[in-house]
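Visitor: What follows is a structure written as structure tokens; I'll ask about it next.
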Amino acid sequence: MLVGYARVSTLDQNPEMQIDALKAAGCEKIFIEKLSGSKDDRPQLKAAMDYIRNGDTLVIWKLSRLARSITQVISTVKELETRNIGLKILTQKIDTTSPEGRLFFHMTAAFDQFQRELIVENTKAGLKAARNRGRVGGRPPALTEEKIKTARAMLKDKESYPFISDIIKSLGIGRTAFYRYFSPDEIEYIRG
């Protein structure tokens with residue numbers, strides 16, 4: 001029996017392309033996961049592993065759908081081998097039920113891991129280079145030091161600014177951002 005496993009990394013991604021390929025390959029049962037491959041706990045993969053029987057074949061669209069690290073891939077394949085279950089990878093035309101397929105699988109897994117590590121390494125290098133040039137990732141702070149001083153002065157001036165919403169409106173920021181900088185206890189202390 002051919003059992004399919006499809007995975008997308010986030011809830012808003014669509015697994016339909018993988019599902020269509022698995023159905024076209026003849027999978028009778030398909031397990032669908034919407035979760036990052038870097039997560040160790042993948043309930044649908046576990047369900048597929050529990051469902052699959054001796055002599056069956058687990059079919060995946062691409063090796064990266066099974067796992068994100070060579071360690072994860074190899075441990076999953078070892079488990080499949082000990083249970084006499086084959087692995088078929090559609091896009092890479094790998095079938096571990098033959099010696100050649102097993103060899104090609106291990107080479108492909110190593111290259112996939114290498115590519116993933118290069119991407120991570122290049123991303124880290126790019127972020128470091130940007131930091132060295134003074135660029136910092138993320139959103140700019142809602143309140144600058146100047147705006148914080150202005151907000152404190154406004155909080156003290158209860159006559160001109162009797163309501164917190166007046167201060168928030170004058171600063172041109174959101175309520176959540178304001179309370180991130182000023183807790184209710186701090187506001188009470190400043191307003192005295």
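In the structure tokens, chains take letters A, B, ... by order of appearance, with residues numbered from 1 within each chain and ligands from 1 in the order shown.
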Return as JSON lines the residues of range 87-134 of chain A lying at most 12 Å from range 17-29 of chain A, together with the closest atom-to-atom pair for each and the distance in Å to one decimal, counting only C-alpha atoms, with rows in chain order and ascending residue number.

Guide:
{"residue": "A:Lys88", "atom": "CA", "partner": "A:Ala25", "partner_atom": "CA", "distance": 9.8}
{"residue": "A:Ile89", "atom": "CA", "partner": "A:Leu22", "partner_atom": "CA", "distance": 9.9}
{"residue": "A:Leu90", "atom": "CA", "partner": "A:Ala21", "partner_atom": "CA", "distance": 7.9}
{"residue": "A:Thr91", "atom": "CA", "partner": "A:Ala21", "partner_atom": "CA", "distance": 9.3}
{"residue": "A:Lys93", "atom": "CA", "partner": "A:Ala25", "partner_atom": "CA", "distance": 11.4}

Visitor: So that I can see what lies close to Thr176 in chain A, please list as a PyMOL selection string the residues with an atom at most 12 Å from it, counting only C-alpha atoms and leaving out residues fewer than 3 positions away in the same chain.

Guide: chain A and resi 142-143+164-165+168+173+179-184

Visitor: Residues of the last selection are to be written out with C-alpha atoms, as an mmCIF file, in the first residue's frame.

Guide:
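Everything below was put into part-v7.cif:
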data_model
loop_
_atom_site.group_PDB
_atom_site.id
_atom_site.type_symbol
_atom_site.label_atom_id
_atom_site.label_comp_id
_atom_site.auth_asym_id
_atom_site.auth_seq_id
_atom_site.Cartn_x
_atom_site.Cartn_y
_atom_site.Cartn_z
ATOM 1 C CA ALA A 142 6.701 53.570 18.648
ATOM 2 C CA LEU A 143 8.033 56.180 21.068
ATOM 3 C CA ILE A 164 -5.088 59.304 28.550
ATOM 4 C CA SER A 165 -6.781 59.100 25.144
ATOM 5 C CA ILE A 168 -2.338 59.075 22.893
ATOM 6 C CA ILE A 173 0.454 56.370 18.527
ATOM 7 C CA TYR A 179 0.740 51.180 27.585
ATOM 8 C CA ARG A 180 3.853 49.237 26.534
ATOM 9 C CA TYR A 181 5.878 52.262 27.669
ATOM 10 C CA PHE A 182 3.692 53.364 30.594
ATOM 11 C CA SER A 183 2.123 50.816 32.935
ATOM 12 C CA PRO A 184 -1.088 51.768 34.779
#

Visitor: Write out as a ChimeraX atom specification all residues of chain A that DSSP puts in strand (DSSP E) for this structure's backbone.

Guide: /A:2-8,29-34,57-60,86-89,94-95

Visitor: Let me see the file: selected residues, N, CA and C atoms, as a PDB file, in the first residue's frame.

Guide:
ATOM      1  N   LEU A   2       0.487   2.250  -0.764  1.00  0.00           N
ATOM      2  CA  LEU A   2       1.192   3.529  -0.779  1.00  0.00           C
ATOM      3  C   LEU A   2       0.470   4.501   0.144  1.00  0.00           C
ATOM      4  N   VAL A   3       1.220   5.038   1.116  1.00  0.00           N
ATOM      5  CA  VAL A   3       0.660   5.990   2.085  1.00  0.00           C
ATOM      6  C   VAL A   3       1.369   7.319   1.885  1.00  0.00           C
ATOM      7  N   GLY A   4       0.611   8.386   1.670  1.00  0.00           N
ATOM      8  CA  GLY A   4       1.197   9.692   1.399  1.00  0.00           C
ATOM      9  C   GLY A   4       1.310  10.569   2.630  1.00  0.00           C
ATOM     10  N   TYR A   5       2.315  11.444   2.622  1.00  0.00           N
ATOM     11  CA  TYR A   5       2.491  12.438   3.683  1.00  0.00           C
ATOM     12  C   TYR A   5       2.809  13.771   3.014  1.00  0.00           C
ATOM     13  N   ALA A   6       1.959  14.760   3.254  1.00  0.00           N
ATOM     14  CA  ALA A   6       2.156  16.107   2.704  1.00  0.00           C
ATOM     15  C   ALA A   6       2.342  17.063   3.873  1.00  0.00           C
ATOM     16  N   ARG A   7       3.238  18.054   3.703  1.00  0.00           N
ATOM     17  CA  ARG A   7       3.449  19.035   4.768  1.00  0.00           C
ATOM     18  C   ARG A   7       3.703  20.412   4.165  1.00  0.00           C
ATOM     19  N   VAL A   8       3.027  21.400   4.764  1.00  0.00           N
ATOM     20  CA  VAL A   8       3.330  22.798   4.471  1.00  0.00           C
ATOM     21  C   VAL A   8       3.748  23.440   5.788  1.00  0.00           C
ATOM     22  N   LYS A  29      -4.047   6.500   1.089  1.00  0.00           N
ATOM     23  CA  LYS A  29      -4.292   7.264   2.312  1.00  0.00           C
ATOM     24  C   LYS A  29      -3.244   8.373   2.353  1.00  0.00           C
ATOM     25  N   ILE A  30      -3.673   9.611   2.691  1.00  0.00           N
ATOM     26  CA  ILE A  30      -2.751  10.742   2.740  1.00  0.00           C
ATOM     27  C   ILE A  30      -2.904  11.470   4.067  1.00  0.00           C
ATOM     28  N   PHE A  31      -1.787  11.735   4.718  1.00  0.00           N
ATOM     29  CA  PHE A  31      -1.758  12.493   5.965  1.00  0.00           C
ATOM     30  C   PHE A  31      -1.215  13.885   5.641  1.00  0.00           C
ATOM     31  N   ILE A  32      -1.902  14.927   6.142  1.00  0.00           N
ATOM     32  CA  ILE A  32      -1.544  16.310   5.804  1.00  0.00           C
ATOM     33  C   ILE A  32      -1.174  17.069   7.069  1.00  0.00           C
ATOM     34  N   GLU A  33       0.005  17.683   7.039  1.00  0.00           N
ATOM     35  CA  GLU A  33       0.539  18.426   8.189  1.00  0.00           C
ATOM     36  C   GLU A  33       0.679  19.893   7.803  1.00  0.00           C
ATOM     37  N   LYS A  34       0.267  20.784   8.703  1.00  0.00           N
ATOM     38  CA  LYS A  34       0.479  22.225   8.505  1.00  0.00           C
ATOM     39  C   LYS A  34       1.315  22.710   9.675  1.00  0.00           C
ATOM     40  N   THR A  57       4.735   1.500   1.529  1.00  0.00           N
ATOM     41  CA  THR A  57       5.691   2.532   1.141  1.00  0.00           C
ATOM     42  C   THR A  57       5.139   3.898   1.523  1.00  0.00           C
ATOM     43  N   LEU A  58       5.959   4.684   2.203  1.00  0.00           N
ATOM     44  CA  LEU A  58       5.605   6.059   2.533  1.00  0.00           C
ATOM     45  C   LEU A  58       6.018   6.923   1.339  1.00  0.00           C
ATOM     46  N   VAL A  59       5.083   7.713   0.833  1.00  0.00           N
ATOM     47  CA  VAL A  59       5.348   8.536  -0.346  1.00  0.00           C
ATOM     48  C   VAL A  59       5.288  10.004   0.057  1.00  0.00           C
ATOM     49  N   ILE A  60       6.328  10.752  -0.303  1.00  0.00           N
ATOM     50  CA  ILE A  60       6.352  12.192  -0.047  1.00  0.00           C
ATOM     51  C   ILE A  60       6.655  12.913  -1.355  1.00  0.00           C
ATOM     52  N   GLY A  86       9.139   1.012   2.683  1.00  0.00           N
ATOM     53  CA  GLY A  86       9.896   1.775   1.695  1.00  0.00           C
ATOM     54  C   GLY A  86       9.582   3.269   1.789  1.00  0.00           C
ATOM     55  N   LEU A  87      10.420   4.061   1.131  1.00  0.00           N
ATOM     56  CA  LEU A  87      10.210   5.519   1.048  1.00  0.00           C
ATOM     57  C   LEU A  87      10.348   5.913  -0.408  1.00  0.00           C
ATOM     58  N   LYS A  88       9.364   6.638  -0.894  1.00  0.00           N
ATOM     59  CA  LYS A  88       9.386   7.108  -2.272  1.00  0.00           C
ATOM     60  C   LYS A  88       9.283   8.627  -2.246  1.00  0.00           C
ATOM     61  N   ILE A  89      10.221   9.294  -2.945  1.00  0.00           N
ATOM     62  CA  ILE A  89      10.225  10.755  -3.014  1.00  0.00           C
ATOM     63  C   ILE A  89       9.962  11.131  -4.467  1.00  0.00           C
ATOM     64  N   ILE A  94      13.222   9.126  -6.074  1.00  0.00           N
ATOM     65  CA  ILE A  94      13.965   8.222  -5.183  1.00  0.00           C
ATOM     66  C   ILE A  94      13.003   7.173  -4.653  1.00  0.00           C
ATOM     67  N   ASP A  95      13.468   5.937  -4.654  1.00  0.00           N
ATOM     68  CA  ASP A  95      12.688   4.829  -4.113  1.00  0.00           C
ATOM     69  C   ASP A  95      13.665   3.963  -3.323  1.00  0.00           C
TER      70      ASP A  95
END

Visitor: To one decimal place in Å, what is the distance between CA of Lys149 in chain A and CA of Leu171 in chain A?

Guide: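 Value for the CA of Lys149 in chain A-CA of Leu171 in chain A distance: 11.2 Å.
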
Visitor: Please tabulate, as JSON lines, the residues of range 104-126 of chain A that come within 12 Å of range 77-82 of chain A, each with its closest pair of atoms and the distance in Å to one decimal, counting only C-alpha atoms and ordering rows by chain, then residue number upward.

Guide:
{"residue": "A:Phe105", "atom": "CA", "partner": "A:Val77", "partner_atom": "CA", "distance": 9.6}
{"residue": "A:His106", "atom": "CA", "partner": "A:Val77", "partner_atom": "CA", "distance": 9.7}
{"residue": "A:Ala109", "atom": "CA", "partner": "A:Val77", "partner_atom": "CA", "distance": 10.7}

Visitor: For CA of Arg175 in chain A and CA of Arg135 in chain A, quote the distance in Å rounded to one decimal.

Guide: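 Going from CA of Arg175 in chain A over to CA of Arg135 in chain A covers 27.2 Å.
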
Visitor: When you count only C-alpha atoms, which of these residues is closest to Met49 in chain A: A:Glu146, A:Ile85, A:Val136, A:Glu16?

Guide: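 Answer, going by the shortest atom-to-atom distance: A:Ile85.
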
Visitor: When you draw a straight line from CA of Gln13 in chain A to CA of Ala67 in chain A, how long is it in Å?

Guide: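 Distance between the two atoms: 17.0 Å.
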
Visitor: Of the residues A:Ile74, A:Ser69, A:Arg83, A:Asn122, which is the one nearest to Asp50 in chain A, using only C-alpha atoms?

Guide: A:Arg83
